[in-house]
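S.K.: Below is protein_2.tsv; it holds TSV, C-alpha atoms and all ligand atoms.
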chain	number	residue	atom	x	y	z
A	771	MET	CA	-42.92	-49.82	-16.09
A	772	CYS	CA	-45.63	-52.03	-17.36
A	773	THR	CA	-48.80	-50.52	-15.97
A	774	ARG	CA	-49.79	-49.11	-19.31
A	775	HIS	CA	-48.77	-52.26	-21.11
A	776	GLY	CA	-51.58	-54.16	-19.45
A	777	VAL	CA	-49.34	-56.85	-18.08
A	778	GLU	CA	-50.31	-56.82	-14.46
A	779	ALA	CA	-50.41	-60.58	-14.28
A	780	ARG	CA	-51.17	-60.81	-10.60
A	781	SER	CA	-54.54	-59.14	-11.01
A	782	GLU	CA	-55.64	-61.66	-13.63
A	783	PRO	CA	-57.53	-64.88	-13.05
A	784	GLU	CA	-55.36	-67.93	-12.52
A	785	SER	CA	-56.31	-69.35	-15.92
A	786	ALA	CA	-54.73	-66.34	-17.63
A	787	LEU	CA	-51.44	-66.83	-15.86
A	788	ARG	CA	-50.09	-69.84	-17.70
A	789	CYS	CA	-48.05	-67.68	-19.96
A	790	PRO	CA	-48.63	-64.08	-18.97
A	791	LEU	CA	-45.29	-62.99	-20.37
A	792	VAL	CA	-46.94	-62.43	-23.70
A	793	ARG	CA	-49.75	-60.13	-24.63
A	794	SER	CA	-51.33	-60.43	-28.06
A	795	GLU	CA	-52.46	-56.86	-27.88
A	796	PRO	CA	-51.09	-53.47	-28.84
A	797	LEU	CA	-48.47	-51.89	-26.63
A	798	SER	CA	-50.92	-49.18	-25.69
A	799	PRO	CA	-54.65	-48.83	-26.37
A	800	GLU	CA	-53.93	-45.33	-27.70
A	801	HIS	CA	-51.42	-46.77	-30.14
A	802	PRO	CA	-53.11	-49.70	-31.88
A	803	GLU	CA	-50.55	-49.57	-34.67
A	804	GLN	CA	-47.79	-50.75	-32.32
A	805	PRO	CA	-46.54	-54.35	-32.68
A	806	GLU	CA	-49.33	-56.78	-32.17
A	807	LEU	CA	-47.19	-59.21	-30.27
A	808	LEU	CA	-45.33	-57.75	-27.38
A	809	LEU	CA	-43.26	-59.81	-25.07
A	810	VAL	CA	-42.65	-58.18	-21.75
A	811	LEU	CA	-40.43	-60.36	-19.65
A	812	ALA	CA	-40.49	-59.56	-15.99
A	813	ALA	CA	-41.91	-56.17	-15.18
A	814	GLY	CA	-45.11	-56.76	-13.29
A	815	CYS	CA	-45.22	-60.36	-14.42
A	816	GLY	CA	-43.59	-62.07	-11.46
A	817	GLY	CA	-43.66	-65.83	-11.34
A	818	GLN	CA	-43.31	-66.50	-15.07
A	819	HIS	CA	-39.57	-66.89	-14.99
A	820	GLU	CA	-36.91	-66.40	-12.40
A	821	GLN	CA	-34.37	-64.02	-13.85
A	822	THR	CA	-31.52	-65.49	-11.81
A	823	ASP	CA	-32.25	-69.07	-12.92
A	824	ALA	CA	-30.97	-70.09	-16.34
A	825	ALA	CA	-33.27	-73.13	-16.61
A	826	SER	CA	-36.32	-71.04	-15.73
A	827	ILE	CA	-35.48	-68.58	-18.50
A	828	THR	CA	-35.03	-71.33	-21.09
A	829	ASP	CA	-38.27	-73.02	-20.07
A	830	ALA	CA	-40.21	-69.75	-20.22
A	831	ALA	CA	-38.71	-68.89	-23.62
A	832	ASN	CA	-39.57	-72.31	-25.06
A	833	GLU	CA	-43.14	-72.06	-23.81
A	834	VAL	CA	-43.58	-68.54	-25.16
A	835	ILE	CA	-42.18	-69.47	-28.58
A	836	ALA	CA	-44.40	-72.55	-28.80
A	837	ARG	CA	-47.49	-70.53	-27.98
A	838	HIS	CA	-46.61	-67.47	-30.06
A	839	PRO	CA	-44.63	-68.56	-33.10
A	840	ASP	CA	-44.85	-65.09	-34.70
A	841	LEU	CA	-43.37	-63.33	-31.72
A	842	ASN	CA	-40.83	-60.79	-32.92
A	843	VAL	CA	-40.18	-58.36	-30.05
A	844	LEU	CA	-38.15	-59.15	-26.96
A	845	ILE	CA	-37.80	-56.67	-24.10
A	846	PRO	CA	-35.57	-58.07	-21.38
A	847	MET	CA	-36.27	-55.52	-18.66
A	848	ALA	CA	-36.36	-57.25	-15.27
A	849	GLY	CA	-34.03	-55.44	-12.93
A	850	ILE	CA	-33.17	-54.70	-9.34
A	851	MET	CA	-31.49	-51.64	-7.84
A	852	ARG	CA	-29.91	-51.98	-4.42
A	853	MET	CA	-27.84	-49.62	-2.36
A	854	GLU	CA	-24.33	-50.75	-1.46
A	855	ASP	CA	-21.61	-49.26	0.71
A	856	TRP	CA	-18.28	-50.59	-0.48
A	857	THR	CA	-16.51	-48.90	2.42
A	858	GLU	CA	-18.20	-51.47	4.70
A	859	PRO	CA	-16.38	-54.75	4.02
A	860	GLY	CA	-18.70	-57.72	3.96
A	861	SER	CA	-21.86	-55.65	3.57
A	862	PHE	CA	-22.35	-55.45	-0.16
A	863	LEU	CA	-21.20	-58.58	-1.98
A	864	GLN	CA	-24.51	-60.41	-1.83
A	865	ASN	CA	-26.39	-57.45	-3.32
A	866	ALA	CA	-23.68	-56.89	-5.91
A	867	GLU	CA	-23.83	-60.50	-7.09
A	868	ALA	CA	-27.63	-60.51	-7.21
A	869	THR	CA	-27.57	-57.31	-9.24
A	870	VAL	CA	-25.16	-58.69	-11.82
A	871	THR	CA	-27.12	-61.93	-12.11
A	872	THR	CA	-30.46	-60.20	-12.50
A	873	ASN	CA	-29.58	-57.11	-14.51
A	874	LEU	CA	-26.84	-58.41	-16.78
A	875	LEU	CA	-26.70	-62.19	-16.86
A	876	GLY	CA	-30.51	-62.39	-16.99
A	877	PRO	CA	-30.84	-60.32	-20.19
A	878	ILE	CA	-27.89	-62.17	-21.75
A	879	ARG	CA	-29.58	-65.49	-21.06
A	880	LEU	CA	-32.94	-64.22	-22.30
A	881	ILE	CA	-31.53	-62.91	-25.54
A	882	SER	CA	-29.65	-66.16	-26.03
A	883	ALA	CA	-32.82	-68.18	-25.42
A	884	PHE	CA	-34.77	-66.23	-28.07
A	885	MET	CA	-32.02	-65.60	-30.61
A	886	GLU	CA	-32.62	-68.53	-32.95
A	887	HIS	CA	-36.33	-67.74	-33.02
A	888	LEU	CA	-35.83	-64.00	-33.61
A	889	LEU	CA	-33.35	-64.58	-36.41
A	890	ALA	CA	-35.93	-66.76	-38.16
A	891	GLN	CA	-38.55	-63.98	-38.18
A	892	PRO	CA	-38.93	-61.64	-41.18
A	893	ASP	CA	-38.38	-58.66	-38.88
A	894	ALA	CA	-37.51	-58.65	-35.18
A	895	THR	CA	-36.48	-56.26	-32.43
A	896	ILE	CA	-34.65	-56.64	-29.16
A	897	MET	CA	-35.27	-53.68	-26.88
A	898	THR	CA	-32.73	-53.57	-24.08
A	899	VAL	CA	-33.22	-51.42	-20.98
A	900	SER	CA	-30.19	-49.53	-19.70
A	901	SER	CA	-30.38	-46.31	-17.67
A	902	GLY	CA	-29.09	-42.77	-17.47
A	903	LEU	CA	-26.91	-44.21	-14.70
A	904	ALA	CA	-25.02	-46.14	-17.38
A	905	PHE	CA	-23.50	-42.79	-18.25
A	906	ALA	CA	-23.16	-41.01	-14.89
A	907	PRO	CA	-22.82	-42.88	-11.58
A	908	LEU	CA	-25.12	-42.59	-8.59
A	909	ARG	CA	-22.81	-42.94	-5.57
A	910	VAL	CA	-24.99	-45.37	-3.59
A	911	THR	CA	-25.61	-47.96	-6.34
A	912	PRO	CA	-22.21	-48.92	-7.81
A	913	THR	CA	-23.09	-52.38	-9.14
A	914	TYR	CA	-26.40	-51.19	-10.59
A	915	ASN	CA	-24.58	-48.43	-12.48
A	916	ALA	CA	-22.03	-50.95	-13.72
A	917	THR	CA	-24.67	-53.42	-14.97
A	918	LYS	CA	-26.45	-50.67	-16.89
A	919	ALA	CA	-23.20	-49.50	-18.48
A	920	ALA	CA	-22.67	-53.14	-19.50
A	921	ILE	CA	-26.17	-53.31	-21.00
A	922	HIS	CA	-25.35	-50.21	-23.04
A	923	GLN	CA	-22.18	-51.82	-24.40
A	924	LEU	CA	-23.96	-55.11	-25.03
A	925	SER	CA	-26.62	-53.28	-27.02
A	926	GLU	CA	-24.04	-51.43	-29.11
A	927	SER	CA	-22.10	-54.64	-29.74
A	928	LEU	CA	-25.14	-56.70	-30.69
A	929	ARG	CA	-26.25	-53.96	-33.07
A	930	LEU	CA	-22.93	-54.37	-34.86
A	931	GLN	CA	-23.23	-58.17	-34.95
A	932	PHE	CA	-26.82	-58.12	-36.22
A	933	ALA	CA	-26.16	-55.54	-38.92
A	934	GLY	CA	-27.33	-57.13	-42.15
A	935	THR	CA	-29.76	-59.46	-40.38
A	936	ASN	CA	-33.46	-58.98	-39.73
A	937	VAL	CA	-32.85	-58.20	-36.04
A	938	SER	CA	-32.70	-54.62	-34.76
A	939	VAL	CA	-31.40	-53.66	-31.35
A	940	VAL	CA	-33.03	-50.68	-29.65
A	941	GLU	CA	-31.84	-49.43	-26.27
A	942	LEU	CA	-34.25	-47.77	-23.89
A	943	VAL	CA	-32.33	-45.31	-21.68
A	944	PRO	CA	-34.69	-44.24	-18.88
A	945	PRO	CA	-34.01	-41.39	-16.51
A	946	SER	CA	-35.23	-41.79	-12.94
A	947	VAL	CA	-38.89	-42.85	-13.32
A	948	GLN	CA	-41.45	-43.27	-10.54
A	949	THR	CA	-41.75	-47.07	-10.24
A	950	LYS	CA	-41.31	-49.68	-7.53
A	951	LEU	CA	-37.66	-50.16	-8.42
A	952	MET	CA	-36.61	-49.03	-4.94
A	953	PRO	CA	-38.55	-48.28	-1.78
A	954	GLY	CA	-39.96	-44.75	-1.96
A	955	HIS	CA	-39.06	-44.37	-5.63
A	956	GLN	CA	-42.70	-44.08	-6.73
A	957	ASP	CA	-43.04	-40.87	-4.71
A	958	ASP	CA	-39.61	-39.42	-5.42
A	959	PRO	CA	-40.17	-35.89	-6.79
A	960	PHE	CA	-36.83	-36.11	-8.59
A	961	ALA	CA	-38.13	-39.06	-10.64
A	962	MET	CA	-40.27	-38.65	-13.77
A	963	PRO	CA	-43.95	-39.64	-13.45
A	964	LEU	CA	-44.47	-43.00	-15.15
A	965	ASP	CA	-47.33	-41.86	-17.41
A	966	GLU	CA	-45.30	-38.90	-18.67
A	967	TYR	CA	-42.38	-41.19	-19.36
A	968	ILE	CA	-44.49	-43.67	-21.32
A	969	ASP	CA	-46.16	-40.90	-23.34
A	970	GLU	CA	-42.78	-39.47	-24.31
A	971	ILE	CA	-41.21	-42.76	-25.33
A	972	MET	CA	-44.27	-43.79	-27.33
A	973	ALA	CA	-44.14	-40.48	-29.19
A	974	LEU	CA	-40.43	-40.97	-29.86
A	975	LEU	CA	-40.97	-44.50	-31.17
A	976	GLU	CA	-43.74	-43.27	-33.45
A	977	ALA	CA	-41.77	-40.30	-34.74
A	978	GLN	CA	-38.47	-42.19	-35.17
A	979	PRO	CA	-39.19	-45.83	-36.06
A	980	ASP	CA	-35.48	-46.46	-36.74
A	981	VAL	CA	-34.24	-44.98	-33.48
A	982	THR	CA	-31.41	-46.93	-31.83
A	983	GLU	CA	-31.48	-45.27	-28.39
A	984	VAL	CA	-34.78	-44.11	-26.95
A	985	GLN	CA	-33.92	-41.06	-24.86
A	986	VAL	CA	-36.49	-38.77	-23.33
A	987	GLU	CA	-35.40	-35.17	-22.83
A	988	ARG	CA	-34.80	-35.67	-19.11
A	989	VAL	CA	-32.15	-38.30	-19.58
A	990	LYS	CA	-29.97	-36.25	-21.91
A	991	PHE	CA	-28.47	-34.41	-18.94
A	992	LEU	CA	-26.95	-37.73	-17.79
A	993	ARG	CA	-26.46	-39.28	-21.22
A	994	TYR	CA	-24.36	-36.54	-22.79
A	995	GLY	CA	-22.25	-35.14	-19.93
A	996	GLU	CA	-19.05	-36.53	-21.42
A	997	ALA	CA	-19.88	-35.32	-24.92
A	998	ARG	CA	-20.77	-31.84	-23.65
A	999	GLY	CA	-17.67	-31.74	-21.45
A	1000	ASP	CA	-19.60	-31.14	-18.21
A	1001	GLN	CA	-19.48	-34.69	-16.82
A	1002	ALA	CA	-18.00	-33.65	-13.46
A	1003	GLN	CA	-20.85	-31.17	-12.91
A	1004	VAL	CA	-23.41	-33.78	-14.03
A	1005	ILE	CA	-22.11	-36.31	-11.49
A	1006	ALA	CA	-22.03	-33.70	-8.73
A	1007	ALA	CA	-25.57	-32.49	-9.52
A	1008	LEU	CA	-26.96	-36.04	-9.80
A	1009	ASN	CA	-25.55	-37.03	-6.44
A	1010	ARG	CA	-26.71	-33.77	-4.83
A	1011	MET	CA	-30.28	-33.91	-6.18
A	1012	ASP	CA	-31.17	-37.58	-5.99
A	1013	ALA	CA	-32.87	-38.55	-2.75
A	1014	LEU	CA	-31.14	-41.93	-2.72
A	1015	ALA	CA	-27.69	-40.41	-2.85
A	1016	ALA	CA	-28.52	-38.28	0.15
A	1017	SER	CA	-29.41	-41.33	2.24
B	1101	LIG	N1	-37.53	-46.70	-12.62
B	1101	LIG	C1	-36.37	-46.12	-12.93
B	1101	LIG	O1	-36.03	-45.04	-12.40
B	1101	LIG	C2	-35.48	-46.76	-13.93
B	1101	LIG	C3	-34.46	-45.99	-14.50
B	1101	LIG	C4	-33.61	-46.58	-15.41
B	1101	LIG	C5	-33.78	-47.90	-15.77
B	1101	LIG	N2	-34.76	-48.63	-15.19
B	1101	LIG	C6	-34.86	-50.04	-15.55
B	1101	LIG	O2	-36.16	-50.37	-15.98
B	1101	LIG	C7	-36.38	-51.77	-15.79
B	1101	LIG	C8	-37.73	-51.97	-15.14
B	1101	LIG	O3	-37.68	-51.45	-13.80
B	1101	LIG	P1	-38.89	-50.65	-13.15
B	1101	LIG	O4	-38.44	-49.25	-12.95
B	1101	LIG	O5	-40.15	-50.92	-13.89
B	1101	LIG	O6	-38.92	-51.29	-11.69
B	1101	LIG	P2	-39.94	-52.32	-11.06
B	1101	LIG	O7	-41.30	-51.75	-11.06
B	1101	LIG	O8	-39.33	-52.73	-9.75
B	1101	LIG	O9	-39.87	-53.52	-12.07
B	1101	LIG	C9	-38.80	-54.43	-12.04
B	1101	LIG	C10	-39.35	-55.74	-12.51
B	1101	LIG	O10	-38.27	-56.70	-12.56
B	1101	LIG	C11	-38.80	-57.90	-12.03
B	1101	LIG	N3	-37.74	-58.71	-11.44
B	1101	LIG	C12	-36.82	-58.32	-10.53
B	1101	LIG	N4	-36.06	-59.36	-10.19
B	1101	LIG	C13	-36.51	-60.44	-10.89
B	1101	LIG	C14	-36.14	-61.80	-10.97
B	1101	LIG	N5	-35.12	-62.28	-10.25
B	1101	LIG	N6	-36.83	-62.60	-11.81
B	1101	LIG	C15	-37.87	-62.13	-12.53
B	1101	LIG	N7	-38.28	-60.85	-12.51
B	1101	LIG	C16	-37.60	-60.01	-11.69
B	1101	LIG	C17	-39.77	-57.49	-10.95
B	1101	LIG	O11	-40.68	-58.53	-10.76
B	1101	LIG	P3	-41.47	-58.64	-9.36
B	1101	LIG	O12	-42.44	-57.51	-9.38
B	1101	LIG	O13	-42.07	-59.98	-9.43
B	1101	LIG	O14	-40.44	-58.48	-8.29
B	1101	LIG	C18	-40.42	-56.27	-11.55
B	1101	LIG	O15	-41.55	-56.63	-12.30
B	1101	LIG	C19	-35.21	-52.25	-14.94
B	1101	LIG	O16	-34.28	-52.89	-15.80
B	1101	LIG	C20	-34.61	-50.99	-14.39
B	1101	LIG	O17	-33.24	-51.11	-14.08
B	1101	LIG	C21	-35.63	-48.09	-14.30
Please, can you express the file's structure as structure tokens?
Ligand SMILES: NC(=O)c1ccc[n+]([C@@H]2O[C@H](COP(=O)([O-])OP(=O)(O)OC[C@H]3O[C@@H](n4cnc5c(N)ncnc54)[C@H](OP(=O)(O)O)[C@@H]3O)[C@@H](O)[C@H]2O)c1

M.R.:
Amino acid sequence: MCTRHGVEARSEPESALRCPLVRSEPLSPEHPEQPELLLVLAAGCGGQHEQTDAASITDAANEVIARHPDLNVLIPMAGIMRMEDWTEPGSFLQNAEATVTTNLLGPIRLISAFMEHLLAQPDATIMTVSSGLAFAPLRVTPTYNATKAAIHQLSESLRLQFAGTNVSVVELVPPSVQTKLMPGHQDDPFAMPLDEYIDEIMALLEAQPDVTEVQVERVKFLRYGEARGDQAQVIAALNRMDALAAS
């Protein structure tokens, strides 16, 4: 999800890789008014920190803060999505544990590592990354769905705790988007093209600067099944349409 953010660290010269988590440039060249300092932890920036290693996260955070003392946006977005079959005893626990460590414990540790710094800024934002699957389960990825539901609750809870402080919590709720998240996902016709997704979220952020959940139109089908009262149909349709569920 970072192609347009210009954070493809691996294509940069070695000298630029010392701290490629941070880009002192606008989020998008078409949107120069976006925050000047953007911290993108993980996506496309492999090697800067290991999301499953608490010490690596703390070290990366300390280095970033030392080099960019005005940093005021944190986007903990590293994630993995693995298929599991819980009807096959012994087959899924390793993937389940890795998913919780990467998708849930990782963001918790990242936020913790940056919290003191963010609270000291005049204005700061934490943008969490959940998923439409936080709200309707894909049969083949139980632990992934659970970690994203947990990220949603964490975001809501932190927003309550930070009310009255300078820190805002914004939750990005992507639908299925064509990225490398899973093998074949980039070509999945059910998934939203990445450029379209980025265009829509940038427009939403511009139009609604105080938004708390960034939801493109496509994700509302999953996001509001319970509120609409058609959750059973949503779950059935999701698991019928998605190529992964059919595998
Ligand atoms: N694409 C979708 O359909 C979709 C939908 C809803 C939510 N999301 C969420 O969006 C976020 C970004 O995913 P994406 O779609 O952009 O997939 P992606 O292209 O696979 O990006 C995932 C990123 O996480 C990094 N990462 C994974 N494990 C890590 C670890 N242990 N330590 C450090 N970095 C690690 C990967 O780094 P490496 O490249 O070095 O492995 C990669 O850059 C994830 O939280 C995902 O759950 C995606």

S.K.: Using all atoms listed in the file, determine which residues lie at most 12 Å from range 944-961 of chain A, disregarding the query and same-chain residues fewer than 2 positions distant; provide the list as a PyMOL selection string.

M.R.: chain A and resi 771-773+813-814+847-853+898-906+908+911+914+918+922+941-942+963-968+970-971+983-993+1007-1015+1017

S.K.: Go through A:Gly860, A:Gly876, A:Pro907, A:Pro839 one by one, measure the shortest atom-to-atom distance of each to ligand LIG 1101 (chain B) using all atoms listed in the file, and give the residue with the smallest value.

M.R.: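 Among the listed residues, the smallest separation from ligand LIG 1101 (chain B) belongs to A:Gly876.
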
S.K.: How many Å lie between CA of Ala831 in chain A and CA of Leu888 in chain A, rounded to one decimal?

M.R.: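 Pair CA of Ala831 in chain A / CA of Leu888 in chain A returns 11.5 Å.
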
S.K.: I'd like the interatomic distance between CA of Val943 in chain A and CA of Ala916 in chain A, to a tenth of an Å.

M.R.: 14.2 Å

S.K.: In Å to one decimal, how far is CA of Gln818 in chain A from atom C18 of ligand LIG 1101 (chain B)?

M.R.: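 Here the two named atoms are 11.2 Å from each other.
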
S.K.: Using all atoms listed in the file, find the one residue out of A:Ile896, A:Val834, A:Met962, A:Leu975 that sits nearest to ligand LIG 1101 (chain B).

M.R.: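 Selected residue with least distance to ligand LIG 1101 (chain B): A:Met962.
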
S.K.: Which residue gives the smallest distance to Val940 in chain A among A:Ile835, A:Leu841, A:Ile1005, A:Ala894, with only C-alpha atoms counted?

M.R.: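 Of A:Ile835, A:Leu841, A:Ile1005, A:Ala894, the one nearest Val940 in chain A, counting only C-alpha atoms, is A:Ala894.
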